[in-house]
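Raw contents of my_file_15.tsv, TSV, C-alpha atoms:
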chain	number	residue	atom	x	y	z
A	102	MET	CA	-75.83	75.40	-24.52
A	103	PRO	CA	-78.57	72.83	-23.63
A	104	ASN	CA	-78.59	71.88	-27.34
A	105	HIS	CA	-75.03	70.64	-26.88
A	106	ALA	CA	-75.71	68.88	-23.57
A	107	PRO	CA	-74.79	65.34	-24.76
A	108	HIS	CA	-71.38	66.51	-26.02
A	109	PHE	CA	-70.83	68.56	-22.88
A	110	ARG	CA	-71.61	65.57	-20.66
A	111	ARG	CA	-69.34	63.21	-22.62
A	112	ALA	CA	-66.37	65.56	-22.40
A	113	LEU	CA	-66.97	66.18	-18.71
A	114	LEU	CA	-67.37	62.50	-17.81
A	115	ALA	CA	-64.25	61.52	-19.76
A	116	TRP	CA	-62.26	64.05	-17.73
A	117	TYR	CA	-63.86	62.87	-14.48
A	118	ARG	CA	-62.81	59.27	-15.09
A	119	ARG	CA	-59.20	60.49	-15.29
A	120	GLU	CA	-59.13	63.33	-12.77
A	121	GLY	CA	-62.08	62.99	-10.39
A	122	ARG	CA	-61.43	63.13	-6.64
A	123	ASP	CA	-61.47	59.92	-4.62
A	124	LEU	CA	-63.78	60.82	-1.71
A	125	PRO	CA	-65.10	58.29	0.82
A	126	TRP	CA	-68.77	59.18	0.33
A	127	ARG	CA	-68.40	58.29	-3.35
A	128	HIS	CA	-67.87	54.65	-2.40
A	129	THR	CA	-71.35	54.19	-0.95
A	130	ARG	CA	-74.98	54.52	-1.96
A	131	ASP	CA	-76.21	54.41	1.64
A	132	PRO	CA	-78.54	57.42	2.01
A	133	TYR	CA	-77.51	57.86	5.65
A	134	ALA	CA	-73.81	58.12	4.79
A	135	ILE	CA	-74.57	60.42	1.85
A	136	LEU	CA	-76.78	62.63	4.02
A	137	VAL	CA	-74.05	62.91	6.67
A	138	SER	CA	-71.51	63.98	4.06
A	139	GLU	CA	-73.83	66.55	2.51
A	140	ILE	CA	-74.79	68.12	5.84
A	141	MET	CA	-71.15	68.30	6.90
A	142	LEU	CA	-70.07	69.81	3.58
A	143	GLN	CA	-72.46	72.74	3.96
A	144	GLN	CA	-70.18	75.75	4.55
A	145	THR	CA	-67.21	73.49	5.40
A	146	GLN	CA	-64.27	72.55	3.17
A	147	VAL	CA	-63.77	68.97	2.00
A	148	ALA	CA	-60.37	68.69	3.70
A	149	THR	CA	-61.92	69.49	7.08
A	150	VAL	CA	-64.89	67.17	6.58
A	151	LEU	CA	-62.80	64.09	5.71
A	152	SER	CA	-61.61	63.30	9.23
A	153	TYR	CA	-64.95	64.17	10.83
A	154	TYR	CA	-66.89	62.05	8.36
A	155	ARG	CA	-64.98	58.85	9.08
A	156	GLU	CA	-65.12	59.33	12.85
A	157	TRP	CA	-68.83	60.20	12.73
A	158	LEU	CA	-69.68	56.99	10.86
A	159	ARG	CA	-67.59	54.99	13.30
A	160	ARG	CA	-69.46	56.53	16.23
A	161	PHE	CA	-72.93	56.81	14.62
A	162	PRO	CA	-72.99	54.25	11.77
A	163	ASP	CA	-76.70	54.50	10.95
A	164	PHE	CA	-79.95	56.36	11.62
A	165	GLN	CA	-80.82	54.05	14.51
A	166	THR	CA	-77.59	54.67	16.41
A	167	LEU	CA	-77.76	58.41	15.89
A	168	ALA	CA	-81.42	58.58	16.94
A	169	ARG	CA	-80.64	56.79	20.23
A	170	SER	CA	-77.74	59.10	21.08
A	171	ASP	CA	-77.89	62.01	23.51
A	172	GLU	CA	-77.68	65.49	22.00
A	173	SER	CA	-74.61	66.22	24.11
A	174	ASP	CA	-72.78	63.29	22.48
A	175	VAL	CA	-73.88	64.44	19.02
A	176	LEU	CA	-72.69	68.01	19.63
A	177	HIS	CA	-69.40	66.74	21.06
A	178	ALA	CA	-68.79	64.74	17.87
A	179	TRP	CA	-69.72	67.80	15.78
A	180	GLN	CA	-67.50	70.33	17.58
A	181	GLY	CA	-64.95	71.92	15.30
A	182	LEU	CA	-67.23	71.77	12.25
A	183	GLY	CA	-69.16	74.88	13.36
A	184	TYR	CA	-72.75	75.81	12.51
A	185	TYR	CA	-74.02	73.41	15.17
A	186	THR	CA	-77.61	73.69	13.97
A	187	ARG	CA	-76.56	71.28	11.21
A	188	GLY	CA	-75.66	68.63	13.77
A	189	ARG	CA	-78.87	69.17	15.71
A	190	ASN	CA	-80.93	68.95	12.53
A	191	LEU	CA	-79.19	65.72	11.50
A	192	HIS	CA	-79.95	64.27	14.93
A	193	ALA	CA	-83.61	65.37	14.70
A	194	ALA	CA	-83.94	63.94	11.18
A	195	ALA	CA	-82.57	60.58	12.37
A	196	LYS	CA	-85.17	60.45	15.14
A	197	ILE	CA	-87.97	61.08	12.63
A	198	VAL	CA	-86.65	58.48	10.18
A	199	VAL	CA	-86.54	55.87	12.94
A	200	ALA	CA	-89.80	56.80	14.67
A	201	ARG	CA	-92.03	57.48	11.67
A	202	LEU	CA	-90.37	55.83	8.65
A	203	ASP	CA	-89.26	52.49	10.09
A	204	GLY	CA	-85.63	53.57	9.77
A	205	LEU	CA	-85.83	53.90	5.98
A	206	PHE	CA	-84.82	57.18	4.40
A	207	PRO	CA	-87.46	58.34	1.90
A	208	ARG	CA	-86.79	58.22	-1.83
A	209	ASP	CA	-89.29	60.96	-2.63
A	210	ILE	CA	-87.65	64.40	-2.76
A	211	GLY	CA	-90.73	66.09	-1.31
A	212	GLU	CA	-90.67	63.75	1.68
A	213	MET	CA	-86.95	64.35	2.16
A	214	ARG	CA	-87.53	68.09	2.34
A	215	GLU	CA	-89.97	67.65	5.20
A	216	LEU	CA	-87.09	66.48	7.40
A	217	PRO	CA	-85.20	69.04	9.52
A	218	GLY	CA	-82.26	70.72	7.81
A	219	ILE	CA	-82.92	69.26	4.36
A	220	GLY	CA	-83.49	71.85	1.67
A	221	ARG	CA	-83.58	71.71	-2.09
A	222	TYR	CA	-79.88	71.09	-2.64
A	223	THR	CA	-79.47	68.42	0.06
A	224	ALA	CA	-82.59	66.52	-1.05
A	225	HIS	CA	-81.42	66.53	-4.67
A	226	ALA	CA	-77.91	65.48	-3.64
A	227	VAL	CA	-79.16	62.46	-1.69
A	228	ALA	CA	-81.54	61.59	-4.52
A	229	THR	CA	-78.80	61.58	-7.14
A	230	PHE	CA	-75.87	60.19	-5.12
A	231	SER	CA	-77.86	57.50	-3.30
A	232	PHE	CA	-80.59	56.62	-5.80
A	233	ASP	CA	-79.03	57.87	-9.08
A	234	ARG	CA	-82.03	60.07	-9.73
A	235	PRO	CA	-81.48	62.34	-12.79
A	236	VAL	CA	-81.94	65.59	-10.87
A	237	ALA	CA	-79.85	68.73	-10.82
A	238	VAL	CA	-77.74	69.72	-7.83
A	239	VAL	CA	-76.41	73.23	-7.37
A	240	GLU	CA	-73.81	74.05	-4.72
A	241	ALA	CA	-71.01	76.63	-4.78
A	242	ASN	CA	-68.72	74.80	-7.22
A	243	ILE	CA	-71.48	73.91	-9.69
A	244	ALA	CA	-73.02	77.37	-9.50
A	245	ARG	CA	-69.65	78.93	-10.36
A	246	VAL	CA	-69.11	76.58	-13.31
A	247	LEU	CA	-72.56	77.21	-14.76
A	248	ALA	CA	-72.36	80.97	-14.24
A	249	ARG	CA	-69.10	81.09	-16.19
A	250	ILE	CA	-70.16	78.71	-18.94
A	251	SER	CA	-73.29	80.78	-19.55
A	252	ASN	CA	-71.52	84.14	-18.93
A	253	LEU	CA	-74.24	84.94	-16.39
A	254	GLN	CA	-74.33	88.64	-15.53
A	255	LEU	CA	-77.00	88.36	-12.83
A	256	PRO	CA	-75.83	88.09	-9.21
A	257	ILE	CA	-75.73	84.40	-8.47
A	258	ASP	CA	-77.04	84.96	-4.95
A	259	SER	CA	-80.14	86.81	-6.20
A	260	ALA	CA	-83.44	85.03	-6.83
A	261	PRO	CA	-83.29	85.53	-10.64
A	262	GLY	CA	-79.65	84.44	-10.77
A	263	LEU	CA	-80.25	81.36	-8.67
A	264	ASP	CA	-83.32	80.42	-10.72
A	265	PHE	CA	-81.29	80.70	-13.92
A	266	VAL	CA	-78.54	78.43	-12.59
A	267	TRP	CA	-80.98	75.79	-11.33
A	268	ASN	CA	-82.84	75.82	-14.66
A	269	LEU	CA	-79.58	75.45	-16.59
A	270	ALA	CA	-78.42	72.65	-14.30
A	271	THR	CA	-81.73	70.85	-14.84
A	272	ALA	CA	-81.45	71.20	-18.62
A	273	LEU	CA	-77.91	69.78	-18.63
A	274	VAL	CA	-78.24	66.93	-16.13
A	275	SER	CA	-77.53	63.48	-17.47
A	276	PRO	CA	-80.54	61.14	-17.72
A	277	ARG	CA	-78.20	58.24	-16.93
A	278	ARG	CA	-75.25	58.03	-14.53
A	279	ALA	CA	-76.49	61.23	-12.92
A	280	HIS	CA	-74.43	60.62	-9.79
A	281	ASP	CA	-71.20	60.55	-11.85
A	282	TYR	CA	-72.22	63.58	-13.89
A	283	ASN	CA	-73.07	65.71	-10.83
A	284	SER	CA	-69.86	64.60	-9.11
A	285	ALA	CA	-67.91	65.54	-12.22
A	286	LEU	CA	-69.47	68.99	-12.34
A	287	MET	CA	-68.57	69.55	-8.67
A	288	ASP	CA	-64.99	68.44	-9.25
A	289	LEU	CA	-64.65	70.69	-12.26
A	290	GLY	CA	-65.45	73.64	-10.01
A	291	ALA	CA	-63.20	72.41	-7.21
A	292	LEU	CA	-60.16	71.55	-9.33
A	293	ILE	CA	-60.30	73.57	-12.57
A	294	CYS	CA	-62.97	76.30	-12.51
A	295	THR	CA	-61.71	77.62	-9.17
A	296	PRO	CA	-62.85	80.88	-7.55
A	297	ARG	CA	-59.56	82.62	-8.36
A	298	ARG	CA	-57.30	82.01	-11.36
A	299	PRO	CA	-59.37	79.32	-13.06
A	300	LYS	CA	-57.28	76.88	-15.09
A	301	CYS	CA	-59.08	77.52	-18.37
A	302	ASP	CA	-56.26	76.00	-20.43
A	303	ARG	CA	-56.93	72.64	-18.73
A	304	CYS	CA	-60.73	72.77	-18.80
A	305	PRO	CA	-62.29	69.74	-20.55
A	306	VAL	CA	-65.38	71.76	-21.54
A	307	ARG	CA	-63.63	74.97	-22.53
A	308	SER	CA	-65.15	74.89	-26.02
A	309	PHE	CA	-68.63	75.25	-24.45
A	310	CYS	CA	-67.73	78.21	-22.22
A	311	GLN	CA	-69.10	81.65	-23.12
A	312	ALA	CA	-67.33	83.59	-20.36
A	313	THR	CA	-65.34	86.58	-21.63
A	314	ASP	CA	-63.84	87.32	-18.20
A	315	PRO	CA	-64.05	84.18	-16.03
A	316	ASP	CA	-62.30	85.79	-13.06
A	317	SER	CA	-65.12	88.31	-12.71
A	318	LEU	CA	-67.77	85.58	-12.45
A	319	PRO	CA	-69.94	84.67	-10.73
A	320	ARG	CA	-71.28	88.09	-9.82
A	321	LYS	CA	-72.62	88.49	-6.29
A	322	LYS	CA	-74.61	91.07	-4.41
A	323	ALA	CA	-72.68	93.48	-2.21
A	324	ARG	CA	-71.93	91.92	1.15
A	325	PRO	CA	-73.33	93.53	4.29
A	326	ALA	CA	-70.80	95.31	6.45
A	327	ILE	CA	-69.09	93.16	9.07
A	328	LYS	CA	-70.47	93.93	12.52
A	329	THR	CA	-68.22	93.87	15.57
A	330	LEU	CA	-69.39	92.53	18.91
A	331	VAL	CA	-67.79	92.03	22.30
A	332	GLU	CA	-68.87	89.04	24.38
A	333	ARG	CA	-67.81	88.94	28.04
A	334	HIS	CA	-67.46	85.86	30.20
A	335	PHE	CA	-65.73	84.94	33.45
A	336	PHE	CA	-63.42	82.16	34.51
A	337	ALA	CA	-63.82	80.55	37.93
A	338	VAL	CA	-61.93	77.51	39.17
A	339	ARG	CA	-62.19	75.70	42.48
A	340	ARG	CA	-59.49	73.18	43.17
A	341	ASN	CA	-59.57	71.23	39.87
A	342	LEU	CA	-63.11	72.26	38.91
A	343	VAL	CA	-64.20	74.96	36.44
A	344	LEU	CA	-67.64	76.55	36.28
A	345	LEU	CA	-69.38	76.36	32.90
A	346	GLU	CA	-72.76	77.45	31.56
A	347	GLN	CA	-74.92	75.61	29.03
A	348	SER	CA	-75.72	78.00	26.20
A	349	ALA	CA	-79.35	78.55	25.26
A	350	GLU	CA	-78.58	80.90	22.37
A	351	ARG	CA	-76.02	80.77	19.54
A	352	TRP	CA	-74.37	77.57	20.78
A	353	ARG	CA	-77.51	76.00	22.18
A	354	GLY	CA	-76.71	72.87	24.14
A	355	LEU	CA	-72.94	73.50	24.24
A	356	TRP	CA	-70.99	74.41	27.38
A	357	ILE	CA	-69.39	77.86	27.52
A	358	LEU	CA	-67.72	80.09	30.08
A	359	PRO	CA	-70.38	81.85	32.19
A	360	ARG	CA	-71.57	85.13	30.74
A	361	ILE	CA	-71.41	88.56	32.36
A	362	SER	CA	-73.35	91.55	31.06
A	363	GLN	CA	-70.46	94.01	31.25
A	364	SER	CA	-66.83	94.12	32.21
A	365	PRO	CA	-66.06	94.71	35.90
A	366	ASN	CA	-65.10	98.31	36.66
A	367	ALA	CA	-61.45	99.02	35.83
A	368	ALA	CA	-60.84	95.31	35.28
A	369	ARG	CA	-58.72	93.99	32.46
A	370	PRO	CA	-59.54	90.69	30.78
A	371	ILE	CA	-57.23	87.79	31.53
A	372	TYR	CA	-57.90	86.43	28.05
A	373	ARG	CA	-58.96	88.06	24.79
A	374	ALA	CA	-59.40	86.60	21.30
A	375	GLU	CA	-61.28	87.37	18.11
A	376	PHE	CA	-63.23	84.97	15.92
A	377	PRO	CA	-65.54	85.33	12.91
A	378	PHE	CA	-69.17	84.27	12.99
A	379	THR	CA	-71.34	84.71	9.87
A	380	ASN	CA	-71.39	88.50	9.30
A	381	HIS	CA	-69.84	89.33	12.67
A	382	ARG	CA	-66.37	89.73	14.09
A	383	ILE	CA	-66.59	88.82	17.74
A	384	THR	CA	-64.13	89.67	20.49
A	385	LEU	CA	-64.26	87.16	23.33
A	386	GLU	CA	-63.13	88.69	26.63
A	387	VAL	CA	-62.70	86.58	29.75
A	388	TYR	CA	-62.41	88.15	33.21
A	389	ARG	CA	-61.62	86.96	36.66
A	390	GLN	CA	-64.71	85.81	38.48
A	391	PRO	CA	-67.05	88.54	39.78
A	392	PRO	CA	-66.71	89.50	43.45
A	393	GLY	CA	-68.49	87.26	45.91
A	394	ARG	CA	-69.05	83.58	46.13
A	395	VAL	CA	-69.61	81.70	42.85
A	396	ALA	CA	-72.03	78.81	42.89
A	397	ALA	CA	-73.61	76.44	40.44
A	398	THR	CA	-77.11	77.52	39.41
A	399	PRO	CA	-79.64	76.11	36.93
A	400	GLY	CA	-77.75	75.94	33.64
A	401	ARG	CA	-74.33	76.17	35.35
A	402	ARG	CA	-72.21	73.29	36.62
A	403	TRP	CA	-68.73	72.63	37.96
A	404	PHE	CA	-66.65	70.28	35.78
A	405	PRO	CA	-63.26	68.68	36.42
A	406	LEU	CA	-60.62	70.38	34.29
A	407	ASP	CA	-59.44	67.03	32.99
A	408	SER	CA	-62.96	66.23	31.68
A	409	LEU	CA	-63.17	69.14	29.23
A	410	GLY	CA	-62.11	66.92	26.33
A	411	LYS	CA	-65.34	64.97	26.74
A	412	LEU	CA	-67.61	68.02	26.76
A	413	ALA	CA	-69.27	69.70	23.78
A	414	LEU	CA	-67.60	73.12	23.70
A	415	PRO	CA	-67.54	75.69	20.89
A	416	SER	CA	-64.01	76.15	19.54
A	417	PRO	CA	-63.49	79.76	20.81
A	418	HIS	CA	-64.36	78.73	24.38
A	419	ARG	CA	-62.31	75.54	24.18
A	420	ARG	CA	-59.28	77.58	23.11
A	421	ALA	CA	-59.89	80.03	25.96
A	422	LEU	CA	-60.16	77.25	28.52
A	423	THR	CA	-57.04	75.56	27.21
A	424	ALA	CA	-55.09	78.81	27.55
A	425	LEU	CA	-56.49	79.66	30.99
A	426	ALA	CA	-56.00	76.17	32.42
A	427	THR	CA	-52.25	76.51	31.89
A	428	LEU	CA	-52.01	79.63	34.08
A	429	SER	CA	-50.70	79.21	37.60
A	430	PRO	CA	-52.92	80.08	40.61
A	431	ARG	CA	-50.66	83.07	41.27
A	432	LYS	CA	-51.30	84.48	37.79
A	433	LEU	CA	-54.99	83.76	38.00
A	434	GLY	CA	-55.25	85.51	41.34
A	435	SER	CA	-58.90	86.04	42.26
A	436	THR	CA	-60.16	83.63	39.61
A	437	LEU	CA	-59.83	81.01	42.35
A	438	ALA	CA	-63.21	80.59	43.96
A	439	PRO	CA	-63.61	79.99	47.70
A	440	THR	CA	-63.69	76.31	48.61
Show me this structure written as structure tokens.
Amino acid sequence: MPNHAPHFRRALLAWYRREGRDLPWRHTRDPYAILVSEIMLQQTQVATVLSYYREWLRRFPDFQTLARSDESDVLHAWQGLGYYTRGRNLHAAAKIVVARLDGLFPRDIGEMRELPGIGRYTAHAVATFSFDRPVAVVEANIARVLARISNLQLPIDSAPGLDFVWNLATALVSPRRAHDYNSALMDLGALICTPRRPKCDRCPVRSFCQATDPDSLPRKKARPAIKTLVERHFFAVRRNLVLLEQSAERWRGLWILPRISQSPNAARPIYRAEFPFTNHRITLEVYRQPPGRVAATPGRRWFPLDSLGKLALPSPHRRALTALATLSPRKLGSTLAPT
């Protein structure tokens, strides 16, 4: 396959000129804008990222603005994208770029990888899409394309399988116009070589593909069993104020309903919902406030109900608060705290 790399690249680029996606981050070479797009696109679909990306750049247009911003504002802008560590890492990287690098993002891949949240893929992506460096990039779409073209039988999420894909990507990468080539390879995976029912009859590089059963590729290791967890919280309102707690764990820095260690005896939750999180299925249960007077403590604060839109809240807790805030005092009963 690498022996036919020039022909492969020509066919792929010709297709990309006709069929490639028009994405906003493809209209810039600004490393900040490229970095934002790449961090957002980790584990998030393009359709979801589009609206967040534009609003983020309006609110934080450069490293300097982001570095000066409070973490609470950054997390508020990030809410809904999930995996909040990405937002925190982007914020931390901006501070380092401004404080130590005079606001200039490094061109050296090794220096990029010293910044928080920037691994091999992200560093290579910024290098090729911002600086047109002829380096390979391997994300989910590209990995799938290369696994099928090479008929890879190793699990793609194993060390040997991943090494093979990166080596093949490096052998095939275009020495010129690398940003177009890598974009084309991504789009091929997104539009043609899709996870299910690949459109092989429309593939511009079908003649190079060695896959005998494309639907079965790429192979992956067996997934760990989904674990189920129950997380219990309480809802307390006082006049038009609600008590919230700043998380120090999974949603560090975000505001959540206050936690309780176990459900009150014989009590039924006033709200219950399930949500996925990595390899877990979590049931969120919300109860009326515990007996006794409820007060703000370190890490807990009362907030006006009409200010919740300005707070950084994880989506499951925002949905819970939205549902609970519509209940009448009569239905809430003892969730009303003493005044």
Please return, as an NGL selection string, all polymer residues that have at least one atom within 7 Å of the point (-77.6, 73.7, 29.5); use only C-alpha atoms and the file's own coordinate frame.
:A and (346-349 or 354 or 356 or 400)
Could you turn the residues from that selection into a file that holds C-alpha atoms, as an mmCIF file, in the coordinates of the input?
data_model
loop_
_atom_site.group_PDB
_atom_site.id
_atom_site.type_symbol
_atom_site.label_atom_id
_atom_site.label_comp_id
_atom_site.auth_asym_id
_atom_site.auth_seq_id
_atom_site.Cartn_x
_atom_site.Cartn_y
_atom_site.Cartn_z
ATOM 1 C CA GLU A 346 -72.760 77.450 31.560
ATOM 2 C CA GLN A 347 -74.920 75.610 29.030
ATOM 3 C CA SER A 348 -75.720 78.000 26.200
ATOM 4 C CA ALA A 349 -79.350 78.550 25.260
ATOM 5 C CA GLY A 354 -76.710 72.870 24.140
ATOM 6 C CA TRP A 356 -70.990 74.410 27.380
ATOM 7 C CA GLY A 400 -77.750 75.940 33.640
#
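Closest approach to A:Leu205 from the set A:Asn190, A:Ser308, A:Thr384, A:Gln165 is made by A:Gln165, with distances taken over only C-alpha atoms.
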Taken to one decimal, the atom CA of A:Phe336-atom CA of A:Arg373 distance is 12.2 Å
Taking a cut-off of 8 Å and counting all atoms listed in the file, can you build a table that, for each residue of stretch 206-265 of chain A near stretch 271-284 of chain A, reports the nearest atom pair and how far apart they are in Å (one decimal), sorted by chain then residue number, as a tab-separated table?
residue	atom	partner	partner_atom	distance
A:Thr229	CA	A:His280	CA	5.2
A:Phe230	CA	A:His280	CA	4.9
A:Ser231	CA	A:His280	CA	8.0
A:Asp233	CA	A:His280	CA	5.4
A:Arg234	CA	A:Ala279	CA	6.5
A:Pro235	CA	A:Ala279	CA	5.1
A:Val236	CA	A:Val274	CA	6.6
A:Ala237	CA	A:Thr271	CA	4.9
A:Val238	CA	A:Asn283	CA	6.8
- Give the answer as one residue: which of A:Leu292, A:Ala374, A:Met141, A:Ala337 has the shortest atom-to-atom distance to A:Leu406, using all atoms listed in the file?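 Closest to A:Leu406, using all atoms listed in the file: A:Ala337.
With all atoms listed in the file as the atoms that count, the residue of A:Ile135, A:Ala421, A:Val198, A:Ile219 with the shortest distance to A:Tyr372 is A:Ala421.
Straight-line separation from atom CA of A:Val338 to atom CA of A:Tyr184: 28.8 Å.
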Need to verify the contact set: A:Ser362, 12 Å, all atoms listed in the file, exclusion of same-chain residues closer than 5 positions in sequence. Can you return it as a compact mmCIF listing (two decimals) with C-alpha atoms, keeping the file's coordinate frame?
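Below is the file that was written, out23.txt:
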# COMPACT_ATOMS: atom_id res chain seq x y z
CA VAL A 331 -67.79 92.03 22.30
CA GLU A 332 -68.87 89.04 24.38
CA ARG A 333 -67.81 88.94 28.04
CA HIS A 334 -67.46 85.86 30.20
CA PHE A 335 -65.73 84.94 33.45
CA GLU A 386 -63.13 88.69 26.63
CA VAL A 387 -62.70 86.58 29.75
CA TYR A 388 -62.41 88.15 33.21
CA PRO A 391 -67.05 88.54 39.78
Using all atoms listed in the file, the residue out of A:Leu358, A:His128, A:Trp352, A:His381 with shortest distance to A:Leu176 is A:Trp352
Counting all atoms listed in the file, closest pick from A:Leu344, A:Leu113, A:Ala248, A:Leu286 relative to A:Ala312 is A:Ala248
Between atom CA of A:Pro415 and atom CA of A:Ile357 lies a distance of 7.2 Å
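If you count only C-alpha atoms and ignore residues fewer than 6 places along the chain from A:Pro377, what sits within 12 Å of it is Gly183, Tyr184, Ile327, Lys328, Thr329, Leu330, Val331, Ile383, Thr384, Leu385, Ser416 and Pro417 of chain A.
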Would you compute the box with edges along x, y and z of the file around stretch 366-373 of chain A, including every atom the file lists for it and 3 Å extra on each side, and give its centre and edge lengths in Å to one decimal, as AutoDock Vina command-line options?
--center_x -61.2 --center_y 92.7 --center_z 30.7 --size_x 13.9 --size_y 18.6 --size_z 17.9
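Using all atoms listed in the file, the smallest distance between any of A:Arg402, A:Arg360, A:His177, A:Arg214 and A:Ala194 comes from A:Arg214.
Residues within 12 Å of A:Arg221, counting only C-alpha atoms and excluding same-chain residues fewer than 6 positions away, are A:Glu139, A:Ile210, A:Gly211, A:Glu212, A:Met213, A:Arg214, A:Glu215, A:Val227, A:Ala228, A:Val236, A:Ala237, A:Val238, A:Val239, A:Glu240, A:Trp267.
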Which protein, DNA or RNA residues are at most 7 Å from (-72.4, 80.2, -22.9) in the file's coordinates when you count only C-alpha atoms, listed as a list in words? Met102, Ile250, Ser251, Asn252, Phe309, Cys310, Gln311 and Ala312 of chain A
task: Find the spatial neighbours of stretch 168-174 of chain A, counting only C-alpha atoms, within a cut-off of 10 Å - ignore same-chain residues fewer than 2 positions away - and output them as a ChimeraX atom specification.
output: /A:160-161,163-166,176-179,188-189,191-200,204,354-356,411-414
Starting from the incomplete input, reconstruct N, CA, C and O atoms of stretch 401-412 of chain A and report them as a PDB file, in the coordinates of the input.
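Produced file result-v1.pdb, reproduced below:
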ATOM      1  N   ARG A 401     -75.771  76.075  35.086  1.00  0.00           N
ATOM      2  CA  ARG A 401     -74.330  76.170  35.350  1.00  0.00           C
ATOM      3  C   ARG A 401     -73.904  74.986  36.211  1.00  0.00           C
ATOM      4  O   ARG A 401     -74.605  74.583  37.130  1.00  0.00           O
ATOM      5  N   ARG A 402     -72.715  74.450  35.881  1.00  0.00           N
ATOM      6  CA  ARG A 402     -72.210  73.290  36.620  1.00  0.00           C
ATOM      7  C   ARG A 402     -70.689  73.376  36.736  1.00  0.00           C
ATOM      8  O   ARG A 402     -70.018  73.968  35.879  1.00  0.00           O
ATOM      9  N   TRP A 403     -70.168  72.777  37.795  1.00  0.00           N
ATOM     10  CA  TRP A 403     -68.730  72.630  37.960  1.00  0.00           C
ATOM     11  C   TRP A 403     -68.282  71.348  37.263  1.00  0.00           C
ATOM     12  O   TRP A 403     -68.894  70.301  37.430  1.00  0.00           O
ATOM     13  N   PHE A 404     -67.192  71.440  36.498  1.00  0.00           N
ATOM     14  CA  PHE A 404     -66.650  70.280  35.780  1.00  0.00           C
ATOM     15  C   PHE A 404     -65.175  70.114  36.116  1.00  0.00           C
ATOM     16  O   PHE A 404     -64.438  71.118  36.225  1.00  0.00           O
ATOM     17  N   PRO A 405     -64.696  68.885  36.252  1.00  0.00           N
ATOM     18  CA  PRO A 405     -63.260  68.680  36.420  1.00  0.00           C
ATOM     19  C   PRO A 405     -62.503  69.198  35.187  1.00  0.00           C
ATOM     20  O   PRO A 405     -62.949  69.006  34.045  1.00  0.00           O
ATOM     21  N   LEU A 406     -61.393  69.850  35.414  1.00  0.00           N
ATOM     22  CA  LEU A 406     -60.620  70.380  34.290  1.00  0.00           C
ATOM     23  C   LEU A 406     -60.176  69.282  33.331  1.00  0.00           C
ATOM     24  O   LEU A 406     -60.095  69.502  32.119  1.00  0.00           O
ATOM     25  N   ASP A 407     -59.898  68.096  33.874  1.00  0.00           N
ATOM     26  CA  ASP A 407     -59.440  67.030  32.990  1.00  0.00           C
ATOM     27  C   ASP A 407     -60.568  66.336  32.244  1.00  0.00           C
ATOM     28  O   ASP A 407     -60.335  65.379  31.506  1.00  0.00           O
ATOM     29  N   SER A 408     -61.824  66.822  32.419  1.00  0.00           N
ATOM     30  CA  SER A 408     -62.960  66.230  31.680  1.00  0.00           C
ATOM     31  C   SER A 408     -63.381  67.072  30.498  1.00  0.00           C
ATOM     32  O   SER A 408     -64.314  66.710  29.776  1.00  0.00           O
ATOM     33  N   LEU A 409     -62.710  68.209  30.273  1.00  0.00           N
ATOM     34  CA  LEU A 409     -63.170  69.140  29.230  1.00  0.00           C
ATOM     35  C   LEU A 409     -63.117  68.515  27.835  1.00  0.00           C
ATOM     36  O   LEU A 409     -63.898  68.875  26.963  1.00  0.00           O
ATOM     37  N   GLY A 410     -62.198  67.563  27.631  1.00  0.00           N
ATOM     38  CA  GLY A 410     -62.110  66.920  26.330  1.00  0.00           C
ATOM     39  C   GLY A 410     -63.332  66.112  25.973  1.00  0.00           C
ATOM     40  O   GLY A 410     -63.575  65.817  24.805  1.00  0.00           O
ATOM     41  N   LYS A 411     -64.137  65.766  26.985  1.00  0.00           N
ATOM     42  CA  LYS A 411     -65.340  64.970  26.740  1.00  0.00           C
ATOM     43  C   LYS A 411     -66.589  65.825  26.592  1.00  0.00           C
ATOM     44  O   LYS A 411     -67.668  65.296  26.302  1.00  0.00           O
ATOM     45  N   LEU A 412     -66.456  67.126  26.813  1.00  0.00           N
ATOM     46  CA  LEU A 412     -67.610  68.020  26.760  1.00  0.00           C
ATOM     47  C   LEU A 412     -67.757  68.639  25.370  1.00  0.00           C
ATOM     48  O   LEU A 412     -66.776  68.829  24.646  1.00  0.00           O
TER      49      LEU A 412
END
